[in-house]
>>> print(open('start-v3.txt').read())   # compact mmCIF, C-alpha atoms
# COMPACT_ATOMS: atom_id res chain seq x y z
CA MET A 39 34.40 -36.45 43.89
CA TYR A 40 36.14 -33.88 41.73
CA ASP A 41 39.72 -32.75 42.01
CA LEU A 42 38.53 -29.21 41.23
CA ILE A 43 35.26 -27.36 40.87
CA VAL A 44 35.47 -23.92 39.28
CA ILE A 45 32.66 -21.45 39.98
CA GLY A 46 32.44 -19.04 37.05
CA GLY A 47 33.11 -19.46 33.34
CA GLY A 48 35.01 -16.28 32.48
CA PRO A 49 38.67 -16.14 31.33
CA GLY A 50 40.00 -16.94 34.79
CA GLY A 51 37.57 -19.79 35.38
CA TYR A 52 37.53 -21.55 32.04
CA GLU A 53 41.29 -21.24 31.47
CA ALA A 54 41.94 -22.66 34.95
CA ALA A 55 39.52 -25.52 34.33
CA ILE A 56 41.13 -26.32 30.97
CA HIS A 57 44.61 -26.20 32.52
CA ALA A 58 43.59 -28.62 35.28
CA GLY A 59 41.85 -30.87 32.75
CA ARG A 60 44.99 -31.06 30.65
CA MET A 61 46.85 -32.11 33.80
CA GLY A 62 44.58 -35.15 33.94
CA LYS A 63 42.43 -33.90 36.82
CA LYS A 64 38.69 -34.47 37.20
CA VAL A 65 37.20 -30.99 36.79
CA ALA A 66 33.77 -29.42 36.75
CA LEU A 67 32.94 -25.81 35.88
CA VAL A 68 29.72 -24.16 37.05
CA GLU A 69 28.37 -21.20 35.06
CA LYS A 70 24.93 -19.69 35.58
CA GLU A 71 24.78 -17.61 32.41
CA ARG A 72 27.11 -17.73 29.38
CA LEU A 73 30.57 -19.21 29.07
CA GLY A 74 33.23 -16.61 28.46
CA GLY A 75 32.17 -14.28 31.25
CA THR A 76 32.28 -10.50 31.10
CA CYS A 77 35.26 -10.28 28.75
CA LEU A 78 33.77 -12.35 25.95
CA ASN A 79 30.11 -11.39 26.26
CA VAL A 80 29.91 -7.80 27.51
CA GLY A 81 33.48 -6.59 27.87
CA CYS A 82 36.78 -6.88 26.04
CA ILE A 83 35.62 -8.56 22.84
CA PRO A 84 32.41 -6.54 22.20
CA ALA A 85 34.25 -3.30 23.02
CA LYS A 86 37.11 -4.05 20.64
CA THR A 87 34.64 -5.12 17.95
CA PHE A 88 32.88 -1.75 18.29
CA LEU A 89 36.20 0.12 18.27
CA ARG A 90 37.37 -1.70 15.14
CA SER A 91 34.26 -0.45 13.33
CA SER A 92 34.63 3.11 14.57
CA ARG A 93 38.30 3.19 13.61
CA LEU A 94 37.51 1.99 10.10
CA PHE A 95 34.77 4.62 9.84
CA ARG A 96 37.26 7.31 10.88
CA GLU A 97 39.90 6.00 8.49
CA CYS A 98 37.43 6.18 5.60
CA GLY A 99 37.22 9.90 6.23
CA GLU A 100 41.02 10.14 6.25
CA ALA A 101 41.58 7.91 3.20
CA ALA A 102 42.23 10.75 0.75
CA ALA A 103 45.46 11.60 2.57
CA TYR A 104 46.67 8.09 1.70
CA GLY A 105 45.74 8.42 -1.97
CA VAL A 106 42.45 6.53 -1.68
CA ARG A 107 39.25 8.17 -2.94
CA ILE A 108 35.95 6.87 -1.56
CA GLY A 109 32.41 8.16 -1.15
CA VAL A 110 30.78 9.42 2.01
CA PRO A 111 30.75 6.54 4.53
CA GLU A 112 27.71 5.67 6.65
CA PHE A 113 27.81 4.02 10.06
CA ASP A 114 25.29 1.18 10.36
CA MET A 115 24.88 0.58 14.11
CA PRO A 116 22.58 -2.48 13.81
CA ALA A 117 25.13 -4.12 11.48
CA VAL A 118 27.92 -3.40 13.98
CA VAL A 119 25.87 -5.01 16.78
CA GLU A 120 25.10 -8.00 14.55
CA ARG A 121 28.81 -8.45 13.76
CA LYS A 122 29.61 -8.22 17.46
CA ASP A 123 27.03 -10.90 18.25
CA ARG A 124 28.45 -13.14 15.52
CA ILE A 125 32.02 -12.83 16.82
CA VAL A 126 30.93 -13.43 20.42
CA ALA A 127 28.98 -16.54 19.37
CA THR A 128 31.95 -17.91 17.43
CA LEU A 129 34.34 -17.40 20.33
CA GLY A 130 31.78 -18.83 22.76
CA LYS A 131 31.66 -22.04 20.75
CA GLY A 132 35.44 -22.07 20.82
CA VAL A 133 35.42 -21.96 24.64
CA GLN A 134 32.92 -24.83 24.73
CA GLY A 135 35.17 -26.85 22.45
CA LEU A 136 38.27 -26.23 24.56
CA LEU A 137 36.48 -27.30 27.73
CA LYS A 138 35.16 -30.44 26.07
CA ARG A 139 38.58 -31.44 24.73
CA ALA A 140 40.09 -30.93 28.18
CA GLY A 141 37.47 -33.24 29.70
CA VAL A 142 35.84 -30.53 31.81
CA GLU A 143 32.23 -31.13 32.84
CA VAL A 144 30.11 -27.99 32.50
CA ILE A 145 27.27 -27.54 34.98
CA THR A 146 24.68 -24.82 34.39
CA GLY A 147 23.29 -23.00 37.41
CA HIS A 148 24.07 -20.80 40.40
CA ALA A 149 26.64 -22.29 42.76
CA ARG A 150 26.81 -21.74 46.50
CA LEU A 151 29.36 -22.94 49.02
CA ILE A 152 27.96 -25.39 51.56
CA SER A 153 31.25 -26.24 53.21
CA ARG A 154 34.96 -26.11 52.48
CA ASN A 155 34.65 -28.73 49.74
CA ILE A 156 30.93 -28.98 48.93
CA ILE A 157 28.80 -26.72 46.74
CA SER A 158 25.15 -26.74 45.77
CA VAL A 159 23.73 -26.00 42.33
CA GLY A 160 19.97 -25.98 42.53
CA ASP A 161 18.93 -29.15 44.35
CA ALA A 162 22.17 -30.99 43.57
CA THR A 163 25.39 -31.01 45.59
CA TYR A 164 28.94 -31.60 44.38
CA GLU A 165 32.13 -32.36 46.28
CA ALA A 166 35.69 -31.45 45.35
CA ALA A 167 39.14 -31.43 46.89
CA ASN A 168 39.57 -27.85 45.65
CA ILE A 169 37.15 -25.05 44.79
CA LEU A 170 38.17 -22.06 42.68
CA LEU A 171 36.06 -18.90 42.93
CA ALA A 172 35.97 -17.08 39.59
CA THR A 173 32.62 -15.28 39.73
CA GLY A 174 33.86 -12.09 38.07
CA SER A 175 32.31 -8.65 38.39
CA ARG A 176 29.30 -6.57 37.41
CA PRO A 177 28.91 -2.87 36.52
CA ALA A 178 29.17 -0.62 39.56
CA VAL A 179 26.05 1.35 40.43
CA PRO A 180 27.07 4.55 42.25
CA PRO A 181 24.52 6.21 44.59
CA ILE A 182 23.41 8.76 42.00
CA PRO A 183 19.64 9.35 41.85
CA GLY A 184 18.36 8.31 38.41
CA ILE A 185 21.48 6.30 37.46
CA GLN A 186 19.26 3.35 36.49
CA SER A 187 16.70 5.38 34.56
CA GLU A 188 15.39 4.61 31.08
CA HIS A 189 17.94 6.67 29.16
CA THR A 190 20.95 5.51 31.17
CA LEU A 191 23.12 2.68 29.82
CA ASP A 192 25.87 0.69 31.50
CA SER A 193 28.86 -1.20 30.12
CA ASN A 194 26.62 -4.23 29.54
CA SER A 195 23.51 -2.72 27.93
CA VAL A 196 25.43 -0.30 25.68
CA PHE A 197 26.37 -3.21 23.40
CA ALA A 198 22.74 -3.61 22.32
CA LEU A 199 22.35 0.03 21.23
CA GLN A 200 20.70 0.20 17.80
CA GLU A 201 21.29 3.84 16.91
CA VAL A 202 24.06 6.39 16.83
CA PRO A 203 23.20 9.02 19.45
CA LYS A 204 23.65 12.67 18.59
CA THR A 205 24.91 13.30 22.11
CA ILE A 206 26.07 11.03 24.91
CA ALA A 207 27.22 11.84 28.45
CA ILE A 208 29.67 9.37 29.97
CA VAL A 209 29.97 9.17 33.74
CA GLY A 210 33.52 8.05 34.52
CA GLY A 211 36.86 8.85 32.91
CA GLY A 212 38.54 5.52 33.55
CA TYR A 213 39.60 2.97 30.96
CA ILE A 214 36.05 1.80 30.15
CA GLY A 215 34.65 5.30 29.84
CA LEU A 216 37.53 6.49 27.66
CA GLU A 217 37.17 3.61 25.22
CA PHE A 218 33.47 4.32 24.79
CA ALA A 219 34.21 8.04 24.48
CA CYS A 220 36.51 7.31 21.55
CA PHE A 221 34.00 4.98 19.94
CA PHE A 222 31.08 7.39 20.07
CA ARG A 223 33.18 10.40 19.04
CA GLU A 224 34.56 8.58 15.99
CA ILE A 225 31.07 7.69 14.76
CA GLY A 226 29.95 11.29 14.98
CA ALA A 227 28.37 11.76 18.40
CA THR A 228 28.97 14.72 20.65
CA VAL A 229 30.66 13.20 23.70
CA MET A 230 30.88 14.61 27.22
CA VAL A 231 32.89 12.82 29.94
CA PHE A 232 32.28 13.57 33.61
CA GLU A 233 35.06 12.46 35.96
CA MET A 234 35.12 13.18 39.70
CA LEU A 235 38.94 13.06 39.84
CA PRO A 236 41.15 15.89 38.49
CA ASP A 237 42.71 13.52 35.92
CA ILE A 238 41.54 10.80 33.54
CA ALA A 239 42.79 7.19 33.35
CA ALA A 240 43.43 6.73 37.07
CA GLY A 241 46.39 4.42 37.65
CA ALA A 242 48.14 5.32 34.41
CA ASP A 243 51.45 7.18 34.39
CA GLY A 244 50.65 10.85 34.92
CA GLU A 245 52.65 12.14 31.97
CA ILE A 246 50.96 9.66 29.63
CA ALA A 247 47.50 10.46 31.04
CA THR A 248 48.10 14.18 30.47
CA ARG A 249 49.06 13.55 26.85
CA MET A 250 46.03 11.34 26.45
CA LEU A 251 43.73 14.06 27.77
CA ARG A 252 45.20 16.60 25.35
CA ILE A 253 44.86 14.28 22.34
CA LEU A 254 41.29 13.21 23.11
CA THR A 255 40.29 16.83 23.73
CA GLN A 256 41.71 17.74 20.32
CA LYS A 257 39.51 15.01 18.84
CA GLY A 258 36.49 16.85 20.19
CA ILE A 259 35.70 14.93 23.37
CA GLN A 260 34.51 17.31 26.08
CA PHE A 261 35.92 16.61 29.54
CA HIS A 262 34.47 17.82 32.83
CA LEU A 263 37.09 16.96 35.47
CA SER A 264 36.67 17.25 39.23
CA ALA A 265 32.96 17.06 38.46
CA LYS A 266 30.51 15.36 40.80
CA VAL A 267 27.37 13.97 39.18
CA LEU A 268 24.47 14.86 41.46
CA ARG A 269 21.45 13.29 39.77
CA ILE A 270 20.00 12.22 36.45
CA GLU A 271 16.54 13.31 35.37
CA GLY A 272 15.45 11.95 31.98
CA HIS A 273 17.94 13.24 29.42
CA THR A 274 19.46 15.74 31.87
CA LEU A 275 22.58 15.14 33.91
CA HIS A 276 23.06 17.49 36.85
CA PHE A 277 26.57 17.93 38.19
CA ALA A 278 28.70 20.11 40.45
CA ALA A 279 31.61 21.60 38.51
CA GLN A 280 35.13 22.05 39.84
CA ASP A 281 34.20 25.42 41.33
CA GLY A 282 31.28 23.83 43.19
CA LYS A 283 28.59 25.47 41.10
CA GLU A 284 25.75 23.25 39.94
CA SER A 285 25.29 22.87 36.20
CA SER A 286 23.58 20.47 33.82
CA ALA A 287 24.02 18.80 30.43
CA GLU A 288 21.52 17.30 27.99
CA ALA A 289 22.20 14.03 26.18
CA ASP A 290 20.30 11.43 24.19
CA TYR A 291 21.89 8.76 26.38
CA ILE A 292 23.87 8.72 29.61
CA LEU A 293 26.44 5.94 30.03
CA ASN A 294 27.45 4.74 33.47
CA SER A 295 31.13 3.83 33.17
CA THR A 296 32.12 4.11 36.80
CA GLY A 297 33.86 0.73 36.85
CA ARG A 298 32.94 -2.77 37.99
CA ARG A 299 32.45 -4.47 41.35
CA PRO A 300 33.35 -8.04 42.35
CA VAL A 301 30.48 -10.54 42.53
CA VAL A 302 30.71 -11.75 46.13
CA GLU A 303 27.04 -11.89 47.07
CA ASP A 304 24.92 -15.04 47.48
CA LEU A 305 27.88 -17.42 47.19
CA GLY A 306 27.97 -18.69 50.76
CA LEU A 307 31.32 -17.02 51.45
CA GLU A 308 30.25 -16.09 54.99
CA LYS A 309 29.15 -19.66 55.71
CA VAL A 310 32.62 -21.11 55.17
CA GLY A 311 34.50 -18.14 56.68
CA ILE A 312 36.08 -16.68 53.54
CA ASP A 313 37.88 -13.39 54.19
CA PHE A 314 36.27 -10.88 51.82
CA THR A 315 34.75 -7.42 51.53
CA ALA A 316 32.68 -5.67 48.89
CA LYS A 317 36.01 -4.94 47.20
CA GLY A 318 36.71 -8.63 46.66
CA VAL A 319 37.96 -11.93 48.06
CA LYS A 320 41.38 -11.62 49.66
CA THR A 321 44.02 -13.86 48.08
CA SER A 322 47.75 -14.46 48.15
CA ASP A 323 49.93 -14.23 45.06
CA GLN A 324 49.45 -18.02 44.82
CA GLY A 325 45.67 -17.67 44.57
CA LYS A 326 44.97 -18.97 48.08
CA THR A 327 42.17 -17.64 50.26
CA ASN A 328 42.26 -17.92 54.05
CA VAL A 329 40.33 -21.23 53.86
CA PRO A 330 42.45 -24.25 52.83
CA GLY A 331 41.26 -25.79 49.56
CA ILE A 332 39.37 -22.68 48.44
CA TRP A 333 41.07 -20.48 45.87
CA ALA A 334 40.08 -17.38 43.90
CA CYS A 335 41.06 -15.64 40.67
CA GLY A 336 39.98 -12.79 38.43
CA ASP A 337 37.69 -9.86 39.11
CA VAL A 338 36.19 -11.45 42.23
CA THR A 339 39.51 -10.75 43.99
CA GLY A 340 39.35 -7.06 43.07
CA ARG A 341 43.11 -7.02 42.52
CA ARG A 342 43.58 -6.46 38.77
CA MET A 343 40.34 -6.42 36.80
CA LEU A 344 41.88 -7.54 33.52
CA ALA A 345 41.05 -10.69 31.56
CA HIS A 346 44.67 -11.70 31.13
CA ALA A 347 45.31 -11.15 34.84
CA ALA A 348 42.37 -13.46 35.62
CA THR A 349 43.79 -16.13 33.29
CA ARG A 350 47.21 -15.98 34.91
CA GLU A 351 45.73 -16.01 38.43
CA GLY A 352 43.60 -19.05 37.59
CA ILE A 353 46.51 -21.01 36.14
CA VAL A 354 48.73 -20.08 39.11
CA ALA A 355 46.05 -21.29 41.53
CA VAL A 356 45.73 -24.61 39.68
CA ASN A 357 49.49 -25.09 39.62
CA ASN A 358 49.75 -24.53 43.36
CA MET A 359 46.78 -26.69 44.32
CA PHE A 360 48.33 -29.62 42.46
CA GLY A 361 51.88 -29.25 43.66
CA ARG A 362 53.54 -26.93 41.13
CA LYS A 363 54.94 -23.86 42.90
CA ASP A 364 53.91 -20.69 41.11
CA ARG A 365 52.93 -17.11 41.85
CA VAL A 366 51.54 -14.04 40.13
CA ARG A 367 54.05 -11.22 39.74
CA TYR A 368 51.62 -8.33 39.77
CA ASN A 369 54.31 -5.74 39.09
CA SER A 370 54.80 -7.12 35.56
CA LEU A 371 51.18 -7.48 34.44
CA PRO A 372 50.68 -5.29 31.37
CA ALA A 373 47.55 -3.24 30.74
CA VAL A 374 46.12 -1.56 27.66
CA VAL A 375 43.53 1.16 27.10
CA TYR A 376 42.11 0.59 23.62
CA THR A 377 41.43 4.21 22.85
CA HIS A 378 42.61 5.80 19.61
CA PRO A 379 45.48 6.24 20.16
CA GLU A 380 46.11 3.22 22.36
CA VAL A 381 47.79 3.44 25.74
CA ALA A 382 49.88 0.49 26.98
CA MET A 383 51.72 0.15 30.26
CA VAL A 384 53.60 -2.23 32.52
CA GLY A 385 55.49 -1.85 35.78
CA ARG A 386 55.89 1.23 37.94
CA THR A 387 54.72 4.70 37.04
CA GLU A 388 56.91 7.73 37.59
CA GLU A 389 54.61 8.83 40.42
CA GLU A 390 54.98 5.45 42.15
CA LEU A 391 58.76 5.64 41.96
CA LYS A 392 58.79 9.16 43.39
CA ASN A 393 56.40 8.23 46.21
CA ALA A 394 58.50 5.17 47.08
CA GLY A 395 61.69 7.23 47.10
CA ILE A 396 63.26 5.08 44.38
CA LYS A 397 65.95 6.80 42.34
CA TYR A 398 65.42 6.30 38.63
CA LYS A 399 66.43 7.28 35.12
CA LYS A 400 63.94 8.21 32.45
CA SER A 401 63.85 8.17 28.66
CA LEU A 402 61.02 9.54 26.53
CA VAL A 403 60.98 9.31 22.73
CA PRO A 404 58.32 10.01 20.10
CA MET A 405 56.73 7.03 18.37
CA ALA A 406 57.59 8.66 15.06
CA VAL A 407 61.23 7.59 15.47
CA ALA A 408 59.93 4.26 14.14
CA GLY A 409 59.45 4.45 10.38
CA ARG A 410 56.57 1.99 10.49
CA PHE A 411 54.64 4.27 12.84
CA LEU A 412 55.02 7.18 10.42
CA VAL A 413 53.89 5.00 7.51
CA GLU A 414 50.77 3.91 9.41
CA HIS A 415 50.04 7.21 11.17
CA GLU A 416 51.57 10.12 9.30
CA ASP A 417 49.68 12.65 11.39
CA GLY A 418 49.59 10.43 14.46
CA THR A 419 51.10 11.20 17.81
CA GLY A 420 52.63 9.06 20.48
CA VAL A 421 55.56 8.51 22.83
CA VAL A 422 57.30 5.65 24.62
CA LYS A 423 58.58 6.19 28.13
CA VAL A 424 61.07 3.88 29.87
CA LEU A 425 61.90 4.07 33.59
CA CYS A 426 64.99 2.33 34.98
CA GLY A 427 66.68 2.01 38.37
CA ALA A 428 69.37 4.65 38.75
CA GLU A 429 72.06 2.30 40.10
CA PHE A 430 71.70 -0.93 38.14
CA GLY A 431 69.62 0.21 35.17
CA GLU A 432 66.95 -2.45 35.65
CA ILE A 433 63.78 -1.68 33.68
CA LEU A 434 61.08 -0.74 36.20
CA GLY A 435 58.31 0.53 33.97
CA VAL A 436 57.35 1.14 30.36
CA HIS A 437 54.47 3.41 29.35
CA ALA A 438 53.38 4.24 25.82
CA ILE A 439 50.69 6.16 24.01
CA GLY A 440 50.29 5.51 20.32
CA ASP A 441 48.55 2.97 18.11
CA ALA A 442 50.17 -0.49 18.02
CA SER A 443 51.66 -0.01 21.49
CA SER A 444 49.43 -2.87 22.70
CA GLU A 445 51.30 -5.23 20.38
CA PHE A 446 54.79 -4.63 21.78
CA ILE A 447 54.00 -4.08 25.47
CA ILE A 448 54.53 -7.82 26.05
CA ALA A 449 58.22 -7.35 25.22
CA ALA A 450 58.39 -4.64 27.87
CA ALA A 451 56.53 -6.89 30.34
CA ALA A 452 59.16 -9.60 29.83
CA MET A 453 61.87 -7.05 30.55
CA VAL A 454 60.17 -5.90 33.76
CA GLU A 455 59.45 -9.47 34.88
CA THR A 456 63.04 -10.62 34.40
CA GLU A 457 64.49 -7.37 35.78
CA MET A 458 66.42 -6.95 32.57
CA SER A 459 68.78 -3.99 32.47
CA ALA A 460 68.56 -1.34 29.79
CA ALA A 461 72.09 -2.31 28.73
CA ASN A 462 71.07 -5.92 28.14
CA ALA A 463 67.77 -4.93 26.50
CA SER A 464 69.65 -2.69 24.06
CA GLU A 465 71.34 -5.83 22.69
CA LEU A 466 68.01 -7.32 21.57
CA VAL A 467 67.26 -7.13 17.85
CA PHE A 468 63.94 -5.48 17.02
CA PRO A 469 62.52 -6.29 13.56
CA HIS A 470 62.54 -3.44 11.05
CA PRO A 471 60.31 -1.74 10.15
CA THR A 472 58.02 -2.15 13.16
CA VAL A 473 56.49 0.27 15.65
CA SER A 474 58.32 -1.68 18.39
CA GLU A 475 61.51 0.09 17.32
CA ALA A 476 60.24 3.08 19.29
CA LEU A 477 60.70 0.95 22.41
CA ARG A 478 64.26 0.15 21.33
CA GLU A 479 65.02 3.85 20.92
CA ALA A 480 63.56 4.65 24.32
CA ILE A 481 65.72 1.98 25.93
CA ALA A 482 68.77 3.34 24.09
CA GLY A 483 67.98 6.75 25.58
CA ILE A 484 68.72 5.52 29.12
CA HIS A 485 72.19 6.76 30.16
>>> encode(input="start-v3.txt", output="structure tokens")
Amino acid sequence: MYDLIVIGGGPGGYEAAIHAGRMGKKVALVEKERLGGTCLNVGCIPAKTFLRSSRLFRECGEAAAYGVRIGVPEFDMPAVVERKDRIVATLGKGVQGLLKRAGVEVITGHARLISRNIISVGDATYEAANILLATGSRPAVPPIPGIQSEHTLDSNSVFALQEVPKTIAIVGGGYIGLEFACFFREIGATVMVFEMLPDIAAGADGEIATRMLRILTQKGIQFHLSAKVLRIEGHTLHFAAQDGKESSAEADYILNSTGRRPVVEDLGLEKVGIDFTAKGVKTSDQGKTNVPGIWACGDVTGRRMLAHAATREGIVAVNNMFGRKDRVRYNSLPAVVYTHPEVAMVGRTEEELKNAGIKYKKSLVPMAVAGRFLVEHEDGTGVVKVLCGAEFGEILGVHAIGDASSEFIIAAAAMVETEMSAANASELVFPHPTVSEALREAIAGIH
């Protein structure tokens, strides 16, 4: 009998299994496909590998402004895919090594719940005191006729693309769609984004999202907002524009980037009485489900579909199941959109504060107040926005747009998590010259 069986080998699952193994527990992890889950194989890592290549390609074209003369660059898509595969394979071996060193037994196959503490994998059954559901998510398939046609890609299949399309239509203006829009635009494609909402980057601070839309539009990305995609026929995407009139667009490829959905099917959740819907398994901030001994983390919960959120949720669940009190503080989980420029955020947005009737103070400064930002991005644009409670000055939210913001958002997350005041945060010493000094200036702007 195991102390813990983890179902799913993504960031939430394998990190939880490793954590429990290091605690001296007997642990098994069941994975039916590849260790690393969505993030490693068809998500975070492949996307950032692609974006690194597109950024370098763009920078080659801008090199003369930095005193560097080079020839006309060419973008080799097969080589980019090959590099992505190499990096994924290397990191996959790393995950295998970590699991082995932690003493975790890896079982290959599809797991189903038989009872509260028994699962089946093929013809075999396994028993554990605790079971952690970490089955992740898959690309959403909206009810659009033709969405699964030959020329339509999703956020999995796009990573095998072997050519640079002349034109691509992206359905969805969320974080995934925006990252791909940047990638394809930087390598020379004509990019059209179709978003049913009136704004892009749903969930981001409105002021930051508006700036993002303006910057990406200036880069040549075409946005169709409040647009409803009606059907896809071959290379043609038919949509209803904001005024309700039907129109169409032609593209070499159409990319479905309408988000992801929790994997909750064919797991036996109904059999053991787990409380769940198509939007995910319901959990507490300790990782508990409604069934004692069964826990859940990551995308399957539908709470925060971020790899680092899954990791934290998995570790919190393990801590609680083995007697260490812990909880996930969702208000301080940072998030990043890896567009060019990057967007990074943590805590409350200005809209959330207004809707909750919370009185606040606001500071907004340009990234260019940091000398390092100007050195790295002379023609770049960006801002840092800090939101604090009006009475006590506690830092409630930090939102930034500008490259390198992903690297200092953790400092802001620590401030939000500890409810640090702007006065106390202003006493911290930020290294010079770094882009993080823009955060310091924004904090100093709170009065």
>>> closest_residue(input="start-v3.txt", among="A:Glu201, A:Val118, A:Glu224, A:Cys82", to="A:Cys98", atoms="all atoms listed in the file")
A:Glu224
>>> residues_around(input="start-v3.txt", residues="A:Ser459", least_positions_apart="5", cutoff="10 Å", atoms="all atoms listed in the file", output="ChimeraX atom specification")
/A:426-427,430-434,453-454,464,481
>>> atom_distance(input="start-v3.txt", atom1="atom CA of A:Phe277", atom2="atom CA of A:Phe222")
21.4 Å
>>> closest_residue(input="start-v3.txt", among="A:Met405, A:Ala461, A:Leu425, A:Ala348", to="A:Leu391", atoms="only C-alpha atoms")
A:Leu425
>>> residues_around(input="start-v3.txt", residues="A:Glu351", least_positions_apart="2", cutoff="9 Å", atoms="only C-alpha atoms", output="list in words")
Gly50, Ala54, Asp323, Gln324, Gly325, Ala334, Cys335, Gly336, His346, Ala347, Ala348, Thr349, Ile353, Val354, Ala355, Val356, Arg365 and Val366 of chain A
>>> residues_around(input="start-v3.txt", residues="stretch 229-234 of chain A", least_positions_apart="5", cutoff="10 Å", atoms="all atoms listed in the file", output="compact mmCIF listing (two decimals) with C-alpha atoms, in the frame of the given file")
# COMPACT_ATOMS: atom_id res chain seq x y z
CA PRO A 203 23.20 9.02 19.45
CA LYS A 204 23.65 12.67 18.59
CA THR A 205 24.91 13.30 22.11
CA ILE A 206 26.07 11.03 24.91
CA ALA A 207 27.22 11.84 28.45
CA ILE A 208 29.67 9.37 29.97
CA VAL A 209 29.97 9.17 33.74
CA GLY A 210 33.52 8.05 34.52
CA GLY A 211 36.86 8.85 32.91
CA GLY A 212 38.54 5.52 33.55
CA GLY A 215 34.65 5.30 29.84
CA LEU A 216 37.53 6.49 27.66
CA PHE A 218 33.47 4.32 24.79
CA ALA A 219 34.21 8.04 24.48
CA CYS A 220 36.51 7.31 21.55
CA PHE A 221 34.00 4.98 19.94
CA PHE A 222 31.08 7.39 20.07
CA ARG A 223 33.18 10.40 19.04
CA GLU A 224 34.56 8.58 15.99
CA ALA A 239 42.79 7.19 33.35
CA GLY A 258 36.49 16.85 20.19
CA ILE A 259 35.70 14.93 23.37
CA GLN A 260 34.51 17.31 26.08
CA PHE A 261 35.92 16.61 29.54
CA HIS A 262 34.47 17.82 32.83
CA LEU A 263 37.09 16.96 35.47
CA SER A 264 36.67 17.25 39.23
CA ALA A 265 32.96 17.06 38.46
CA LYS A 266 30.51 15.36 40.80
CA VAL A 267 27.37 13.97 39.18
CA LEU A 275 22.58 15.14 33.91
CA PHE A 277 26.57 17.93 38.19
CA ALA A 278 28.70 20.11 40.45
CA ALA A 279 31.61 21.60 38.51
CA GLN A 280 35.13 22.05 39.84
CA ALA A 287 24.02 18.80 30.43
CA GLU A 288 21.52 17.30 27.99
CA ALA A 289 22.20 14.03 26.18
CA ILE A 292 23.87 8.72 29.61
CA LEU A 293 26.44 5.94 30.03
CA SER A 295 31.13 3.83 33.17
CA THR A 296 32.12 4.11 36.80
>>> closest_residue(input="start-v3.txt", among="A:Ala66, A:Ala172, A:Ala476, A:Ala394", to="A:Ala406", atoms="only C-alpha atoms")
A:Ala476
>>> closest_residue(input="start-v3.txt", among="A:Lys257, A:Arg154, A:His148, A:Arg386", to="A:Val310", atoms="only C-alpha atoms")
A:Arg154
>>> closest_residue(input="start-v3.txt", among="A:Ile152, A:Ala58, A:Leu89, A:Val144", to="A:Glu380", atoms="all atoms listed in the file")
A:Leu89
>>> residues_around(input="start-v3.txt", residues="A:Arg60", least_positions_apart="6", cutoff="9 Å", atoms="all atoms listed in the file", output="ChimeraX atom specification")
/A:139-141
>>> closest_residue(input="start-v3.txt", among="A:Val159, A:Leu371, A:Val467, A:Val384", to="A:Arg342", atoms="only C-alpha atoms")
A:Leu371
>>> residues_around(input="start-v3.txt", residues="A:Ser91", least_positions_apart="5", cutoff="12 Å", atoms="all atoms listed in the file", output="VMD selection string")
chain A and resid 84 to 86 96 to 98 111 to 122 220 to 222 224 to 225
>>> residues_near_point(input="start-v3.txt", point="(34.8, -1.4, 48.0)", cutoff="9 Å", atoms="all atoms listed in the file", output="number ranges by chain")
A: 299-300, 315-318, 340
>>> write_last_selection(input="start-v3.txt", atoms="C-alpha atoms", output="PDB file, keeping the file's coordinate frame")
ATOM      1  CA  ARG A 299      32.450  -4.470  41.350  1.00  0.00           C
ATOM      2  CA  PRO A 300      33.350  -8.040  42.350  1.00  0.00           C
ATOM      3  CA  THR A 315      34.750  -7.420  51.530  1.00  0.00           C
ATOM      4  CA  ALA A 316      32.680  -5.670  48.890  1.00  0.00           C
ATOM      5  CA  LYS A 317      36.010  -4.940  47.200  1.00  0.00           C
ATOM      6  CA  GLY A 318      36.710  -8.630  46.660  1.00  0.00           C
ATOM      7  CA  GLY A 340      39.350  -7.060  43.070  1.00  0.00           C
TER       8      GLY A 340
END
>>> closest_atom_pairs(input="start-v3.txt", of="stretch 346-408 of chain A", to="stretch 445-449 of chain A", cutoff="12 Å", atoms="only C-alpha atoms", output="JSON lines")
{"residue": "A:His346", "atom": "CA", "partner": "A:Ile448", "partner_atom": "CA", "distance": 11.8}
{"residue": "A:Ser370", "atom": "CA", "partner": "A:Ile448", "partner_atom": "CA", "distance": 9.5}
{"residue": "A:Leu371", "atom": "CA", "partner": "A:Ile448", "partner_atom": "CA", "distance": 9.0}
{"residue": "A:Pro372", "atom": "CA", "partner": "A:Ile447", "partner_atom": "CA", "distance": 6.9}
{"residue": "A:Ala373", "atom": "CA", "partner": "A:Ile447", "partner_atom": "CA", "distance": 8.4}
{"residue": "A:Val374", "atom": "CA", "partner": "A:Ile447", "partner_atom": "CA", "distance": 8.6}
{"residue": "A:Val375", "atom": "CA", "partner": "A:Ile447", "partner_atom": "CA", "distance": 11.8}
{"residue": "A:Tyr376", "atom": "CA", "partner": "A:Glu445", "partner_atom": "CA", "distance": 11.4}
{"residue": "A:Glu380", "atom": "CA", "partner": "A:Glu445", "partner_atom": "CA", "distance": 10.1}
{"residue": "A:Val381", "atom": "CA", "partner": "A:Ile447", "partner_atom": "CA", "distance": 9.8}
{"residue": "A:Ala382", "atom": "CA", "partner": "A:Ile447", "partner_atom": "CA", "distance": 6.3}
{"residue": "A:Met383", "atom": "CA", "partner": "A:Ile447", "partner_atom": "CA", "distance": 6.8}
{"residue": "A:Val384", "atom": "CA", "partner": "A:Ile447", "partner_atom": "CA", "distance": 7.3}
{"residue": "A:Gly385", "atom": "CA", "partner": "A:Ile447", "partner_atom": "CA", "distance": 10.7}
